[in-house]
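See below for the structure under consideration.
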Amino acid sequence: MDENQVAAALRGQDPAALQELVANYGDRLLRSACLLCGDPTEAQDLVQETFLQAFRSASRFQGRSGLYTWLHGILLNLTRRHHRKHHRLVYDDEPLQQEVAPEVERPSALDWDFTSSALTVALRQLSEPHREVLVLRYFENLKIQEMAAQLEVSTGTIKSRLHYAIVEMQKRLPAEMNLFGTAGTNKEESI
Amino acid sequence: MSCQNFQENLPELIEGSLTPDQVVAMNGHVAECSACRQRLQAEQAVAHTLSRAFRQQVNPLTLPADFSKRLFAALQETAPVKNVPVKTAPLWETLVGGWMRYFWPTALAVCLVIGFLGFHFIFPGAPLAHDGLAPVTVAQAEQQVSIQCDFRLPTLTFHRVGNQVIDTVSYETVVASERLPRDEGKAGPQKQTWKTPL
């Protein structure tokens, strides 16, 4: 089925359309959700909830954006709601609030490599708006205008958040990652 | 092009969303400005490193084999209940019930209107006092003109600070109201004295 047919079938509450969505976009949504929330188990729950919500509110899909963009927008909203419910805010001297994720209670062997990596830890230390722009820009490869439309803020705000996020990641990542291309090692470091 | 302009448009240059003319202008600035050239290289390095890092981090992850099964099970649990007969009330009950909902507010509004009109029909000479002056009857109000103006009255205060005397000016706004007889027959201005106490 092409995207229009899937959208039409979804509006008709056809379960086959939902199956098609999972097959086409499930893995990609999972990967994005993992970067946004920092935990593969939580990410699976978020992706499941994303598909459920998409199925229930299929009539609201107008076709103005692609199906994946629409699904990703649902995922972003669910991730924010999830963080508001389960995470505490830490106020420090930084000008912006930072979210501190709770300890991973029982990481499985499969999850541990992901959750303990320097990149994941650094991402989780960013506030949600800054994490979102990094994931949208450098994983989803969205352009500035597209990010502004999806997050419903101005392009200036997007650029400002990106700049701050990159500076913060540079502080938190090991020097070997060498984000700004300055003198460093040439070794391929496992992340 | 200034460095500020260049740096504002740098993300769009890297993502390839500038027009050809803009790209030419940006490249021209980069050729001349080493600071902006370094900034461009830094941004490109960030884009490359983070994209690669994200992909290495998450590309191995896939949904578990039973994800679809769990998803459809969750969908069944939350599906709305179908084929349950909904009881509908008879038409007469719907109409009467709907009308009765508005009966009391309407009755109250009608009573208030009747009361207001009745009061003025029963007591035609009831006083009108709109302008803060002594109440007058309707007949008297028709023969008079109500005038109101406000003005600022300066007040000087003096106080000593050491060997100096400091004067302070403050202003008080005074509102003066007066009711004058309507004088339609006579020509020329009429002199009136304001009776409002200051």
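Naming scheme: A, B, ... for chains in displayed order of the structure tokens; residues 1 onward per chain; ligands 1 onward as shown.
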Notebook entry, point to check: Any idea what's packed within 12 Å of Ser160 of chain A, counting only C-alpha atoms, ignoring anything in its chain fewer than 2 positions away? Could you give it as a PyMOL selection string?
Noted result: (chain A and resi 129-130+133-134+144+148+153-158+162-167) or (chain B and resi 7-8+11)
Note to self: as an MDAnalysis selection string, please: the residues near Glu15 of chain B (cut-off 10 Å, only C-alpha atoms, same-chain neighbours under 4 positions excluded).
What the structure shows: (chainID A and resid 137 141:144) or (chainID B and resid 10:11 44 47)
Just N, CA, C and O atoms for this one: save the residues we selected as a compact mmCIF listing (two decimals), in the first residue's frame.
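To be explicit, this is the file written out as again-v3.txt:
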```txt
# COMPACT_ATOMS: atom_id res chain seq x y z
N ARG A 137 17.54 17.07 14.45
CA ARG A 137 18.52 17.57 13.48
C ARG A 137 19.47 16.49 13.02
O ARG A 137 19.68 16.32 11.82
N ASN A 141 17.40 14.16 10.64
CA ASN A 141 17.87 14.98 9.50
C ASN A 141 16.83 15.98 9.02
O ASN A 141 16.68 16.23 7.81
N LEU A 142 16.11 16.56 9.96
CA LEU A 142 15.15 17.59 9.57
C LEU A 142 15.86 18.91 9.35
O LEU A 142 16.90 19.18 9.96
N LYS A 143 15.29 19.73 8.48
CA LYS A 143 15.85 21.07 8.27
C LYS A 143 15.29 22.00 9.34
O LYS A 143 14.32 21.66 10.04
N ILE A 144 15.91 23.17 9.41
CA ILE A 144 15.54 24.13 10.46
C ILE A 144 14.06 24.48 10.37
O ILE A 144 13.33 24.50 11.37
N LEU B 10 24.21 29.95 8.65
CA LEU B 10 25.10 28.79 8.56
C LEU B 10 24.35 27.45 8.60
O LEU B 10 24.63 26.55 7.78
N PRO B 11 23.36 27.27 9.50
CA PRO B 11 22.65 25.98 9.50
C PRO B 11 21.98 25.69 8.16
O PRO B 11 21.99 24.54 7.68
N GLN B 44 30.23 21.60 10.49
CA GLN B 44 30.19 20.39 9.66
C GLN B 44 30.70 19.19 10.45
O GLN B 44 30.17 18.08 10.34
N ALA B 47 27.95 18.08 12.85
CA ALA B 47 26.88 17.38 12.14
C ALA B 47 27.32 15.95 11.82
O ALA B 47 26.58 14.98 12.04
```
Next item on the list: Write out as a list in words which residues come within 10 Å of Thr78 of chain B when counting only C-alpha atoms, dropping same-chain ones fewer than 5 positions away.
Entry: Leu52 and Arg56 of chain A; Phe72 and Ala73 of chain B
Check: Taking only C-alpha atoms into account, what are the residues of chain B at most 10 Å from chain A, put as a ChimeraX atom specification?
Finding: /B:8-12,14-17,38-39,41-64,67-72,74-75,78-79
Check: Which value, in Å to one decimal, gives the distance between atom CA of Ala149 of chain A and atom CA of Tyr25 of chain A?
Finding: 20.8 Å
